[in-house]
>>> print(open('target_6.pdb').read())   # PDB, C-alpha atoms and all ligand atoms
ATOM      1  CA  MET A   1      14.436  14.765  -1.681
ATOM      2  CA  GLN A   2      15.611  13.435  -5.025
ATOM      3  CA  ILE A   3      13.539  11.194  -7.270
ATOM      4  CA  ILE A   4      15.828   8.964  -9.259
ATOM      5  CA  ASN A   5      14.685   6.891 -12.228
ATOM      6  CA  THR A   6      17.881   5.601 -13.770
ATOM      7  CA  VAL A   7      20.467   3.098 -12.560
ATOM      8  CA  GLU A   8      23.352   5.388 -13.539
ATOM      9  CA  GLU A   9      21.983   8.335 -11.583
ATOM     10  CA  MET A  10      21.265   6.115  -8.578
ATOM     11  CA  GLN A  11      24.790   4.691  -8.550
ATOM     12  CA  LYS A  12      26.286   8.175  -8.880
ATOM     13  CA  PHE A  13      24.184   9.418  -5.940
ATOM     14  CA  SER A  14      25.356   6.521  -3.751
ATOM     15  CA  ASP A  15      28.992   6.752  -4.862
ATOM     16  CA  LEU A  16      29.005  10.398  -3.816
ATOM     17  CA  ALA A  17      27.413   9.605  -0.437
ATOM     18  CA  ARG A  18      30.007   6.885   0.138
ATOM     19  CA  GLU A  19      32.859   9.234  -0.849
ATOM     20  CA  GLU A  20      31.518  11.617   1.800
ATOM     21  CA  LYS A  21      31.701   8.702   4.304
ATOM     22  CA  LYS A  22      27.939   8.680   4.788
ATOM     23  CA  THR A  23      26.124   5.482   5.731
ATOM     24  CA  ILE A  24      23.346   4.527   3.342
ATOM     25  CA  GLY A  25      20.166   2.770   4.458
ATOM     26  CA  LEU A  26      17.921   1.176   1.828
ATOM     27  CA  VAL A  27      14.236   0.461   2.385
ATOM     28  CA  PRO A  28      13.119  -1.673  -0.568
ATOM     29  CA  THR A  29       9.359  -1.437  -1.245
ATOM     30  CA  MET A  30       6.793  -1.970  -3.959
ATOM     31  CA  GLY A  31       5.140   1.318  -3.009
ATOM     32  CA  TYR A  32       1.674   2.010  -1.607
ATOM     33  CA  LEU A  33       3.444   2.755   1.643
ATOM     34  CA  HIS A  34       1.813   2.007   5.000
ATOM     35  CA  GLU A  35       2.775   2.130   8.680
ATOM     36  CA  GLY A  36       4.856  -1.023   8.272
ATOM     37  CA  HIS A  37       7.071   0.668   5.654
ATOM     38  CA  LEU A  38       7.131   3.805   7.761
ATOM     39  CA  SER A  39       8.604   1.892  10.700
ATOM     40  CA  LEU A  40      11.431   0.728   8.391
ATOM     41  CA  ILE A  41      12.011   4.259   7.069
ATOM     42  CA  LYS A  42      12.120   5.677  10.619
ATOM     43  CA  ARG A  43      14.549   3.009  11.801
ATOM     44  CA  ALA A  44      16.767   3.635   8.755
ATOM     45  CA  GLY A  45      16.632   7.372   9.528
ATOM     46  CA  LYS A  46      17.868   6.736  13.062
ATOM     47  CA  GLU A  47      20.702   4.454  11.991
ATOM     48  CA  CYS A  48      21.929   5.936   8.684
ATOM     49  CA  ASP A  49      22.979   9.316   7.256
ATOM     50  CA  ILE A  50      21.178   8.774   3.967
ATOM     51  CA  VAL A  51      17.857   6.943   3.497
ATOM     52  CA  ILE A  52      16.894   5.623   0.076
ATOM     53  CA  VAL A  53      13.412   4.170  -0.467
ATOM     54  CA  SER A  54      13.064   2.079  -3.590
ATOM     55  CA  ILE A  55       9.615   1.874  -5.111
ATOM     56  CA  TYR A  56       9.371  -0.784  -7.769
ATOM     57  CA  VAL A  57       6.651  -3.354  -8.420
ATOM     58  CA  ASN A  58       8.918  -6.166  -9.486
ATOM     59  CA  PRO A  59       7.269  -8.283 -12.196
ATOM     60  CA  THR A  60       9.553 -11.304 -11.759
ATOM     61  CA  GLN A  61       8.276 -12.054  -8.260
ATOM     62  CA  PHE A  62       4.647 -12.403  -9.389
ATOM     63  CA  GLY A  63       3.351 -15.721 -10.730
ATOM     64  CA  PRO A  64       1.207 -15.831 -13.906
ATOM     65  CA  ASN A  65      -2.117 -15.784 -12.003
ATOM     66  CA  GLU A  66      -1.094 -13.297  -9.333
ATOM     67  CA  ASP A  67      -1.982  -9.641  -8.798
ATOM     68  CA  LEU A  68       0.816  -7.833 -10.711
ATOM     69  CA  SER A  69      -1.491  -5.804 -12.977
ATOM     70  CA  LYS A  70      -3.763  -4.687 -10.149
ATOM     71  CA  TYR A  71      -1.087  -4.176  -7.479
ATOM     72  CA  PRO A  72      -2.055  -0.896  -5.746
ATOM     73  CA  HIS A  73      -0.005   2.219  -6.394
ATOM     74  CA  ASP A  74      -0.189   5.902  -5.498
ATOM     75  CA  PHE A  75       3.145   7.540  -6.209
ATOM     76  CA  GLN A  76       2.081  11.044  -5.126
ATOM     77  CA  ARG A  77       1.025   9.761  -1.707
ATOM     78  CA  ASP A  78       4.236   7.722  -1.360
ATOM     79  CA  LYS A  79       6.278  10.777  -2.334
ATOM     80  CA  THR A  80       4.578  12.922   0.328
ATOM     81  CA  ILE A  81       5.158  10.253   2.981
ATOM     82  CA  CYS A  82       8.846  10.059   2.019
ATOM     83  CA  ILE A  83       9.283  13.852   2.109
ATOM     84  CA  GLU A  84       7.547  14.044   5.506
ATOM     85  CA  ASN A  85       9.898  11.393   6.845
ATOM     86  CA  ASN A  86      13.162  12.933   5.652
ATOM     87  CA  VAL A  87      13.930  10.343   2.981
ATOM     88  CA  ASN A  88      16.872  11.546   0.872
ATOM     89  CA  ALA A  89      16.027   9.761  -2.355
ATOM     90  CA  ILE A  90      13.315   7.629  -3.912
ATOM     91  CA  PHE A  91      14.647   5.157  -6.463
ATOM     92  CA  CYS A  92      11.841   4.249  -8.848
ATOM     93  CA  PRO A  93      13.340   2.624 -11.912
ATOM     94  CA  THR A  94      11.357   1.681 -15.008
ATOM     95  CA  ASP A  95      10.814  -1.951 -16.057
ATOM     96  CA  ASP A  96      13.080  -1.350 -19.059
ATOM     97  CA  SER A  97      15.974  -0.207 -16.909
ATOM     98  CA  MET A  98      15.620  -3.130 -14.477
ATOM     99  CA  TYR A  99      14.985  -5.868 -17.037
ATOM    100  CA  GLN A 100      16.345  -4.580 -20.316
ATOM    101  CA  GLN A 101      15.597  -6.524 -23.503
ATOM    102  CA  GLY A 102      17.451  -9.827 -23.528
ATOM    103  CA  TYR A 103      17.665  -9.970 -19.721
ATOM    104  CA  GLN A 104      18.637 -13.485 -18.579
ATOM    105  CA  THR A 105      20.335 -13.441 -15.175
ATOM    106  CA  PHE A 106      18.601 -14.536 -11.969
ATOM    107  CA  VAL A 107      19.628 -15.085  -8.366
ATOM    108  CA  ASN A 108      18.192 -18.166  -6.685
ATOM    109  CA  VAL A 109      18.505 -19.347  -3.090
ATOM    110  CA  GLU A 110      17.948 -23.079  -3.365
ATOM    111  CA  ASN A 111      16.565 -24.621  -0.185
ATOM    112  CA  LEU A 112      14.979 -21.923   1.958
ATOM    113  CA  THR A 113      12.677 -21.054  -0.947
ATOM    114  CA  LYS A 114      11.082 -24.492  -1.203
ATOM    115  CA  SER A 115       8.914 -24.451   1.926
ATOM    116  CA  LEU A 116       6.068 -22.203   3.193
ATOM    117  CA  CYS A 117       5.241 -19.551   0.544
ATOM    118  CA  GLY A 118       7.657 -21.177  -1.902
ATOM    119  CA  LYS A 119       5.348 -24.199  -2.232
ATOM    120  CA  SER A 120       2.431 -22.268  -3.683
ATOM    121  CA  ARG A 121       4.581 -19.500  -5.225
ATOM    122  CA  PRO A 122       7.455 -21.507  -6.743
ATOM    123  CA  THR A 123       9.060 -18.646  -8.696
ATOM    124  CA  HIS A 124       8.399 -15.852  -6.196
ATOM    125  CA  PHE A 125      11.645 -15.838  -4.214
ATOM    126  CA  LYS A 126      13.818 -16.093  -7.306
ATOM    127  CA  GLY A 127      12.220 -12.803  -8.403
ATOM    128  CA  VAL A 128      12.728 -11.293  -4.943
ATOM    129  CA  THR A 129      16.401 -12.220  -4.622
ATOM    130  CA  THR A 130      17.086 -11.095  -8.179
ATOM    131  CA  ILE A 131      15.564  -7.651  -7.671
ATOM    132  CA  VAL A 132      17.009  -7.182  -4.182
ATOM    133  CA  SER A 133      20.481  -8.003  -5.432
ATOM    134  CA  LYS A 134      19.989  -5.537  -8.307
ATOM    135  CA  LEU A 135      18.740  -2.897  -5.835
ATOM    136  CA  PHE A 136      21.865  -3.485  -3.729
ATOM    137  CA  ASN A 137      24.019  -2.949  -6.823
ATOM    138  CA  CYS A 138      22.157   0.240  -7.740
ATOM    139  CA  THR A 139      21.871   1.863  -4.311
ATOM    140  CA  LYS A 140      25.035   0.471  -2.659
ATOM    141  CA  PRO A 141      23.584   0.453   0.877
ATOM    142  CA  HIS A 142      25.404  -0.301   4.122
ATOM    143  CA  LYS A 143      22.129  -1.474   5.679
ATOM    144  CA  ALA A 144      18.843  -2.711   4.213
ATOM    145  CA  TYR A 145      15.566  -2.835   6.112
ATOM    146  CA  PHE A 146      12.864  -5.489   5.796
ATOM    147  CA  GLY A 147       9.717  -6.328   7.776
ATOM    148  CA  GLN A 148       9.308  -9.517   9.777
ATOM    149  CA  LYS A 149       5.845 -10.018   8.248
ATOM    150  CA  ASP A 150       7.702 -11.544   5.286
ATOM    151  CA  TYR A 151       9.810 -13.693   7.582
ATOM    152  CA  GLN A 152      10.744 -16.224   4.892
ATOM    153  CA  GLN A 153      11.779 -13.358   2.592
ATOM    154  CA  THR A 154      14.101 -12.023   5.306
ATOM    155  CA  ARG A 155      15.708 -15.458   5.782
ATOM    156  CA  VAL A 156      16.151 -15.878   2.022
ATOM    157  CA  ILE A 157      17.664 -12.406   1.652
ATOM    158  CA  LYS A 158      20.030 -12.944   4.579
ATOM    159  CA  GLN A 159      21.166 -16.198   2.968
ATOM    160  CA  MET A 160      21.690 -14.522  -0.415
ATOM    161  CA  THR A 161      23.603 -11.668   1.200
ATOM    162  CA  ARG A 162      25.893 -14.128   2.943
ATOM    163  CA  ASP A 163      26.318 -16.468  -0.029
ATOM    164  CA  LEU A 164      27.068 -13.674  -2.522
ATOM    165  CA  ASN A 165      29.306 -11.744  -0.079
ATOM    166  CA  TYR A 166      27.255  -8.558  -0.104
ATOM    167  CA  ASN A 167      28.624  -6.186   2.486
ATOM    168  CA  VAL A 168      25.122  -5.155   3.588
ATOM    169  CA  ASP A 169      23.580  -5.529   7.063
ATOM    170  CA  ILE A 170      20.090  -6.956   6.809
ATOM    171  CA  ILE A 171      17.905  -5.398   9.493
ATOM    172  CA  VAL A 172      14.598  -7.089  10.270
ATOM    173  CA  CYS A 173      11.962  -4.903  11.949
ATOM    174  CA  PRO A 174       8.896  -6.083  13.908
ATOM    175  CA  ILE A 175       5.488  -6.610  12.312
ATOM    176  CA  ILE A 176       3.285  -3.521  12.530
ATOM    177  CA  ARG A 177      -0.379  -4.308  13.175
ATOM    178  CA  GLU A 178      -3.647  -2.416  12.980
ATOM    179  CA  LYS A 179      -5.240  -1.835  16.411
ATOM    180  CA  ASP A 180      -7.383  -4.937  15.954
ATOM    181  CA  GLY A 181      -4.375  -7.163  15.190
ATOM    182  CA  LEU A 182      -4.389  -7.326  11.373
ATOM    183  CA  ALA A 183      -0.804  -7.214  10.084
ATOM    184  CA  MET A 184      -0.275  -4.159   7.854
ATOM    185  CA  SER A 185      -0.025  -5.024   4.171
ATOM    186  CA  SER A 186      -0.621  -3.201   0.900
ATOM    187  CA  ARG A 187      -2.880  -6.131  -0.041
ATOM    188  CA  ASN A 188      -5.307  -5.368   2.833
ATOM    189  CA  ARG A 189      -6.899  -2.802   0.558
ATOM    190  CA  TYR A 190      -8.312  -5.620  -1.597
ATOM    191  CA  LEU A 191     -10.513  -6.765   1.330
ATOM    192  CA  ASN A 192     -14.165  -5.748   1.487
ATOM    193  CA  GLU A 193     -15.744  -4.960   4.842
ATOM    194  CA  GLU A 194     -16.769  -8.525   5.596
ATOM    195  CA  GLU A 195     -13.436  -9.978   4.479
ATOM    196  CA  ARG A 196     -11.594  -7.383   6.565
ATOM    197  CA  LYS A 197     -13.395  -8.784   9.642
ATOM    198  CA  SER A 198     -12.671 -12.392   8.637
ATOM    199  CA  ALA A 199      -8.990 -11.523   8.126
ATOM    200  CA  LEU A 200      -8.613 -10.931  11.855
ATOM    201  CA  VAL A 201      -8.667 -14.691  12.267
ATOM    202  CA  LEU A 202      -5.029 -14.853  11.087
ATOM    203  CA  SER A 203      -3.649 -12.983  14.098
ATOM    204  CA  ARG A 204      -6.231 -14.608  16.387
ATOM    205  CA  SER A 205      -5.040 -18.053  15.322
ATOM    206  CA  LEU A 206      -1.438 -17.056  16.101
ATOM    207  CA  ASP A 207      -2.551 -15.837  19.539
ATOM    208  CA  LEU A 208      -4.309 -19.157  20.075
ATOM    209  CA  ALA A 209      -1.148 -21.080  19.122
ATOM    210  CA  LYS A 210       0.896 -19.004  21.548
ATOM    211  CA  LYS A 211      -1.609 -19.627  24.359
ATOM    212  CA  LEU A 212      -1.443 -23.384  23.749
ATOM    213  CA  ILE A 213       2.363 -23.320  23.769
ATOM    214  CA  ASP A 214       2.411 -21.179  26.914
ATOM    215  CA  LYS A 215       0.166 -23.793  28.552
ATOM    216  CA  GLY A 216       2.744 -26.464  27.734
ATOM    217  CA  GLU A 217       1.552 -27.971  24.436
ATOM    218  CA  THR A 218       4.554 -29.408  22.593
ATOM    219  CA  ASN A 219       2.853 -31.220  19.713
ATOM    220  CA  PRO A 220       2.865 -29.018  16.567
ATOM    221  CA  GLU A 221       0.126 -31.084  14.900
ATOM    222  CA  LYS A 222      -2.290 -30.451  17.764
ATOM    223  CA  ILE A 223      -1.607 -26.723  17.543
ATOM    224  CA  GLN A 224      -2.045 -26.785  13.759
ATOM    225  CA  ARG A 225      -5.381 -28.605  14.142
ATOM    226  CA  GLU A 226      -6.714 -25.991  16.577
ATOM    227  CA  MET A 227      -5.586 -23.178  14.256
ATOM    228  CA  VAL A 228      -7.261 -24.836  11.263
ATOM    229  CA  LYS A 229     -10.514 -25.225  13.237
ATOM    230  CA  LEU A 230     -10.513 -21.554  14.199
ATOM    231  CA  ILE A 231      -9.635 -20.254  10.720
ATOM    232  CA  GLU A 232     -12.166 -22.490   8.972
ATOM    233  CA  SER A 233     -14.897 -21.209  11.298
ATOM    234  CA  GLU A 234     -14.611 -17.796   9.583
ATOM    235  CA  ASN A 235     -16.418 -16.934   6.343
ATOM    236  CA  SER A 236     -14.523 -16.825   3.024
ATOM    237  CA  THR A 237     -11.253 -18.288   4.327
ATOM    238  CA  ARG A 238      -9.131 -20.920   2.573
ATOM    239  CA  ILE A 239      -5.886 -22.058   4.185
ATOM    240  CA  ASP A 240      -2.807 -22.197   1.974
ATOM    241  CA  TYR A 241      -0.532 -23.366   4.795
ATOM    242  CA  ILE A 242      -0.046 -23.284   8.553
ATOM    243  CA  GLU A 243       3.398 -24.423   9.657
ATOM    244  CA  LEU A 244       5.441 -24.530  12.842
ATOM    245  CA  VAL A 245       9.031 -24.433  11.673
ATOM    246  CA  ASP A 246      12.650 -23.991  12.679
ATOM    247  CA  VAL A 247      13.525 -20.264  12.657
ATOM    248  CA  ASP A 248      16.712 -20.828  10.662
ATOM    249  CA  ASN A 249      16.120 -23.552   8.094
ATOM    250  CA  LEU A 250      12.307 -23.210   7.969
ATOM    251  CA  THR A 251      11.725 -26.984   8.136
ATOM    252  CA  PRO A 252       8.775 -28.322  10.178
ATOM    253  CA  LYS A 253       9.390 -29.041  13.852
ATOM    254  CA  ASP A 254       8.177 -32.387  15.175
ATOM    255  CA  ARG A 255       8.211 -31.084  18.742
ATOM    256  CA  ILE A 256       7.944 -27.558  20.103
ATOM    257  CA  GLU A 257      11.162 -26.663  21.869
ATOM    258  CA  GLY A 258      13.383 -23.577  21.798
ATOM    259  CA  LYS A 259      12.514 -20.758  19.435
ATOM    260  CA  ILE A 260      10.071 -21.539  16.622
ATOM    261  CA  LEU A 261       8.257 -19.699  13.856
ATOM    262  CA  ILE A 262       4.526 -20.141  13.405
ATOM    263  CA  ALA A 263       3.758 -19.009   9.866
ATOM    264  CA  LEU A 264       0.583 -19.058   7.848
ATOM    265  CA  ALA A 265      -0.901 -18.003   4.532
ATOM    266  CA  VAL A 266      -4.669 -17.817   4.174
ATOM    267  CA  PHE A 267      -6.880 -16.677   1.323
ATOM    268  CA  VAL A 268      -9.629 -14.365   2.526
ATOM    269  CA  GLY A 269     -11.919 -14.159  -0.464
ATOM    270  CA  LYS A 270      -9.464 -13.842  -3.343
ATOM    271  CA  THR A 271      -6.770 -12.112  -1.292
ATOM    272  CA  ARG A 272      -3.857 -14.162  -0.018
ATOM    273  CA  LEU A 273      -2.627 -12.863   3.337
ATOM    274  CA  ILE A 274       0.381 -13.968   5.369
ATOM    275  CA  ASP A 275       1.260 -13.542   9.026
ATOM    276  CA  ASN A 276       3.634 -15.108  11.525
ATOM    277  CA  LEU A 277       4.783 -15.175  15.104
ATOM    278  CA  LEU A 278       8.143 -16.015  16.640
ATOM    279  CA  VAL A 279       7.613 -17.941  19.849
TER     280      VAL A 279
HETATM  281  O1  LIG B   1       8.709  -7.024   0.378
HETATM  282  C1  LIG B   1       8.564  -6.411  -0.703
HETATM  283  O2  LIG B   1       7.840  -5.412  -0.798
HETATM  284  C2  LIG B   1       9.266  -6.930  -1.942
HETATM  285  O3  LIG B   1       9.326  -8.314  -1.949
HETATM  286  C3  LIG B   1      10.678  -6.328  -2.141
HETATM  287  C4  LIG B   1      11.604  -6.727  -1.025
HETATM  288  C5  LIG B   1      10.565  -4.811  -2.209
HETATM  289  C6  LIG B   1      11.273  -6.817  -3.463
HETATM  290  O4  LIG B   1      10.509  -6.445  -4.545
END
>>> encode(input="target_6.pdb", output="structure tokens")
Amino acid sequence: MQIINTVEEMQKFSDLAREEKKTIGLVPTMGYLHEGHLSLIKRAGKECDIVIVSIYVNPTQFGPNEDLSKYPHDFQRDKTICIENNVNAIFCPTDDSMYQQGYQTFVNVENLTKSLCGKSRPTHFKGVTTIVSKLFNCTKPHKAYFGQKDYQQTRVIKQMTRDLNYNVDIIVCPIIREKDGLAMSSRNRYLNEEERKSALVLSRSLDLAKKLIDKGETNPEKIQREMVKLIESENSTRIDYIELVDVDNLTPKDRIEGKILIALAVFVGKTRLIDNLLV
């Protein structure tokens, strides 16, 4: 497995793979790999000749009071996981090579970024689309793999890919959960024992919403109210949002019909967690 730190070397690696008619799969990550990432790496391995994992904690997607400086990292562990899973190259560029002095170009998807997480993290998606488009230019993938846990991110990236004519297939893989239902996330490591227990209320509230819908409830507000009641009954929780939205344009539904997304963000202690369910 190659470890590549520079843009030039990365582009050369991918140009060569493309000349050899190999399909390239990119799994973009911020490192501290867990089972969720692993599911993306394995899927890429099945579908592509070459798998590139990018590991880069992208500063432009963190707001001023967010967790950039304490974002968890363990490169040696990530490297071992990648070797064990037949990854061909890790791309881990430096901040200087991604955002060289005088950097001033950003990619912004206008509407899909305004709702859900975009309300409390107004600059987040602009950072995500900027880095993902740069990663596409560096690694030149045929396919790129993202987790459904960040559903809004996947919608935004699909929109960017379409709008900017990237010839990249965006593959969205299912949420991977711990046995007790907690969606896998690098941020789970911030939770203490008590918060870890409280955090289970996110997936439980989604289960509750699904049960209500299965029983025939069609009023999103009623479902939201029941979810709020359940989440607020847990210690150390603070709801950022709970929304029942259209799966394509992410705007709130006024009646449950067809396919919908139930998405939520909840602070458990100081840690902001997200989860969602397609129903
Ligand atoms: O989902 C993530 O880990 C990040 O947002 C991504 C896609 C790697 C961009 O930095």
>>> residues_near_ligand(input="target_6.pdb", ligand="ligand LIG 1 (chain B)", cutoff="6 Å", atoms="all atoms listed in the file", output="PyMOL selection string")
chain A and resi 28-30+58+128+132
>>> residues_around(input="target_6.pdb", residues="region 181-189 of chain A", least_positions_apart="6", cutoff="8 Å", atoms="all atoms listed in the file", output="list of chain:residue names")
A:Tyr32, A:Leu33, A:His34, A:Glu35, A:Gly36, A:Tyr71, A:Pro72, A:Lys149, A:Ile175, A:Arg196, A:Ala199, A:Leu200, A:Leu202, A:Ser203, A:Arg204, A:Thr271, A:Leu273, A:Asp275
>>> resolve_selection(input="target_6.pdb", expression="the PyMOL selection byres (((chain A and resi 237) around 10) and not hetatm)", output="list in words")
Glu195, Ser198, Ala199, Val201, Leu202, Ile231, Glu232, Ser233, Glu234, Asn235, Ser236, Arg238, Ile239, Asp240, Val266, Phe267, Val268, Gly269, Lys270, Thr271 and Arg272 of chain A
>>> atom_distance(input="target_6.pdb", atom1="CA of Arg18 (chain A)", atom2="CA of Ala89 (chain A)")
14.5 Å
>>> closest_residue(input="target_6.pdb", among="A:Val27, A:Ile176, A:Leu40, A:Val51", to="Gln2 (chain A)", atoms="all atoms listed in the file")
A:Val51
>>> residues_around(input="target_6.pdb", residues="Cys117 (chain A)", least_positions_apart="2", cutoff="12 Å", atoms="all atoms listed in the file", output="VMD selection string")
chain A and resid 61 112 to 115 119 to 125 150 to 153 156 239 to 243 250 263 to 266 272 to 276
>>> decode(input="target_6.pdb", residues="region 48-57 of chain A", atoms="all heavy atoms", output="PDB file, in the first residue's frame")
ATOM      1  N   CYS A  48     -14.237  -1.984  -7.402  1.00  0.00           N
ATOM      2  CA  CYS A  48     -13.191  -1.236  -8.126  1.00  0.00           C
ATOM      3  C   CYS A  48     -11.875  -2.023  -8.112  1.00  0.00           C
ATOM      4  O   CYS A  48     -11.638  -2.837  -7.228  1.00  0.00           O
ATOM      5  CB  CYS A  48     -12.950   0.117  -7.466  1.00  0.00           C
ATOM      6  SG  CYS A  48     -14.438   1.097  -7.322  1.00  0.00           S
ATOM      7  N   ASP A  49     -10.998  -1.709  -9.087  1.00  0.00           N
ATOM      8  CA  ASP A  49      -9.682  -2.359  -9.124  1.00  0.00           C
ATOM      9  C   ASP A  49      -8.734  -1.730  -8.107  1.00  0.00           C
ATOM     10  O   ASP A  49      -7.871  -2.405  -7.552  1.00  0.00           O
ATOM     11  CB  ASP A  49      -9.053  -2.205 -10.521  1.00  0.00           C
ATOM     12  CG  ASP A  49      -9.951  -2.797 -11.599  1.00  0.00           C
ATOM     13  OD1 ASP A  49     -10.463  -3.906 -11.372  1.00  0.00           O
ATOM     14  OD2 ASP A  49     -10.174  -2.139 -12.646  1.00  0.00           O
ATOM     15  N   ILE A  50      -8.879  -0.424  -7.928  1.00  0.00           N
ATOM     16  CA  ILE A  50      -7.961   0.308  -7.055  1.00  0.00           C
ATOM     17  C   ILE A  50      -8.795   1.046  -6.009  1.00  0.00           C
ATOM     18  O   ILE A  50      -9.761   1.734  -6.357  1.00  0.00           O
ATOM     19  CB  ILE A  50      -7.187   1.382  -7.874  1.00  0.00           C
ATOM     20  CG1 ILE A  50      -6.345   0.721  -8.978  1.00  0.00           C
ATOM     21  CG2 ILE A  50      -6.349   2.292  -6.995  1.00  0.00           C
ATOM     22  CD1 ILE A  50      -5.070   0.084  -8.511  1.00  0.00           C
ATOM     23  N   VAL A  51      -8.419   0.909  -4.732  1.00  0.00           N
ATOM     24  CA  VAL A  51      -9.141   1.638  -3.671  1.00  0.00           C
ATOM     25  C   VAL A  51      -8.194   2.663  -3.045  1.00  0.00           C
ATOM     26  O   VAL A  51      -7.100   2.326  -2.587  1.00  0.00           O
ATOM     27  CB  VAL A  51      -9.667   0.684  -2.578  1.00  0.00           C
ATOM     28  CG1 VAL A  51     -10.358   1.476  -1.463  1.00  0.00           C
ATOM     29  CG2 VAL A  51     -10.621  -0.346  -3.174  1.00  0.00           C
ATOM     30  N   ILE A  52      -8.636   3.906  -3.065  1.00  0.00           N
ATOM     31  CA  ILE A  52      -7.878   4.983  -2.411  1.00  0.00           C
ATOM     32  C   ILE A  52      -8.701   5.463  -1.215  1.00  0.00           C
ATOM     33  O   ILE A  52      -9.898   5.756  -1.359  1.00  0.00           O
ATOM     34  CB  ILE A  52      -7.650   6.171  -3.377  1.00  0.00           C
ATOM     35  CG1 ILE A  52      -6.878   5.713  -4.621  1.00  0.00           C
ATOM     36  CG2 ILE A  52      -6.924   7.309  -2.670  1.00  0.00           C
ATOM     37  CD1 ILE A  52      -6.813   6.781  -5.724  1.00  0.00           C
ATOM     38  N   VAL A  53      -8.069   5.520  -0.047  1.00  0.00           N
ATOM     39  CA  VAL A  53      -8.733   6.103   1.131  1.00  0.00           C
ATOM     40  C   VAL A  53      -8.055   7.442   1.380  1.00  0.00           C
ATOM     41  O   VAL A  53      -6.824   7.494   1.513  1.00  0.00           O
ATOM     42  CB  VAL A  53      -8.576   5.182   2.369  1.00  0.00           C
ATOM     43  CG1 VAL A  53      -9.095   5.875   3.623  1.00  0.00           C
ATOM     44  CG2 VAL A  53      -9.328   3.865   2.152  1.00  0.00           C
ATOM     45  N   SER A  54      -8.839   8.515   1.401  1.00  0.00           N
ATOM     46  CA  SER A  54      -8.219   9.787   1.769  1.00  0.00           C
ATOM     47  C   SER A  54      -8.460  10.023   3.249  1.00  0.00           C
ATOM     48  O   SER A  54      -9.529   9.716   3.780  1.00  0.00           O
ATOM     49  CB  SER A  54      -8.759  10.946   0.926  1.00  0.00           C
ATOM     50  OG  SER A  54     -10.131  11.140   1.180  1.00  0.00           O
ATOM     51  N   ILE A  55      -7.404  10.487   3.903  1.00  0.00           N
ATOM     52  CA  ILE A  55      -7.492  10.800   5.332  1.00  0.00           C
ATOM     53  C   ILE A  55      -7.061  12.252   5.477  1.00  0.00           C
ATOM     54  O   ILE A  55      -5.883  12.583   5.302  1.00  0.00           O
ATOM     55  CB  ILE A  55      -6.562   9.877   6.162  1.00  0.00           C
ATOM     56  CG1 ILE A  55      -7.021   8.419   6.026  1.00  0.00           C
ATOM     57  CG2 ILE A  55      -6.556  10.314   7.633  1.00  0.00           C
ATOM     58  CD1 ILE A  55      -6.216   7.421   6.851  1.00  0.00           C
ATOM     59  N   TYR A  56      -8.033  13.104   5.727  1.00  0.00           N
ATOM     60  CA  TYR A  56      -7.706  14.526   5.841  1.00  0.00           C
ATOM     61  C   TYR A  56      -8.773  15.216   6.692  1.00  0.00           C
ATOM     62  O   TYR A  56      -9.963  15.178   6.350  1.00  0.00           O
ATOM     63  CB  TYR A  56      -7.637  15.173   4.440  1.00  0.00           C
ATOM     64  CG  TYR A  56      -7.301  16.638   4.506  1.00  0.00           C
ATOM     65  CD1 TYR A  56      -6.076  17.064   5.030  1.00  0.00           C
ATOM     66  CD2 TYR A  56      -8.204  17.611   4.070  1.00  0.00           C
ATOM     67  CE1 TYR A  56      -5.775  18.409   5.122  1.00  0.00           C
ATOM     68  CE2 TYR A  56      -7.897  18.964   4.145  1.00  0.00           C
ATOM     69  CZ  TYR A  56      -6.682  19.356   4.682  1.00  0.00           C
ATOM     70  OH  TYR A  56      -6.377  20.685   4.777  1.00  0.00           O
ATOM     71  N   VAL A  57      -8.347  15.785   7.799  1.00  0.00           N
ATOM     72  CA  VAL A  57      -9.290  16.527   8.654  1.00  0.00           C
ATOM     73  C   VAL A  57      -9.367  17.937   8.070  1.00  0.00           C
ATOM     74  O   VAL A  57      -8.442  18.739   8.222  1.00  0.00           O
ATOM     75  CB  VAL A  57      -8.827  16.534  10.133  1.00  0.00           C
ATOM     76  CG1 VAL A  57      -9.843  17.278  10.993  1.00  0.00           C
ATOM     77  CG2 VAL A  57      -8.660  15.107  10.643  1.00  0.00           C
TER      78      VAL A  57
END
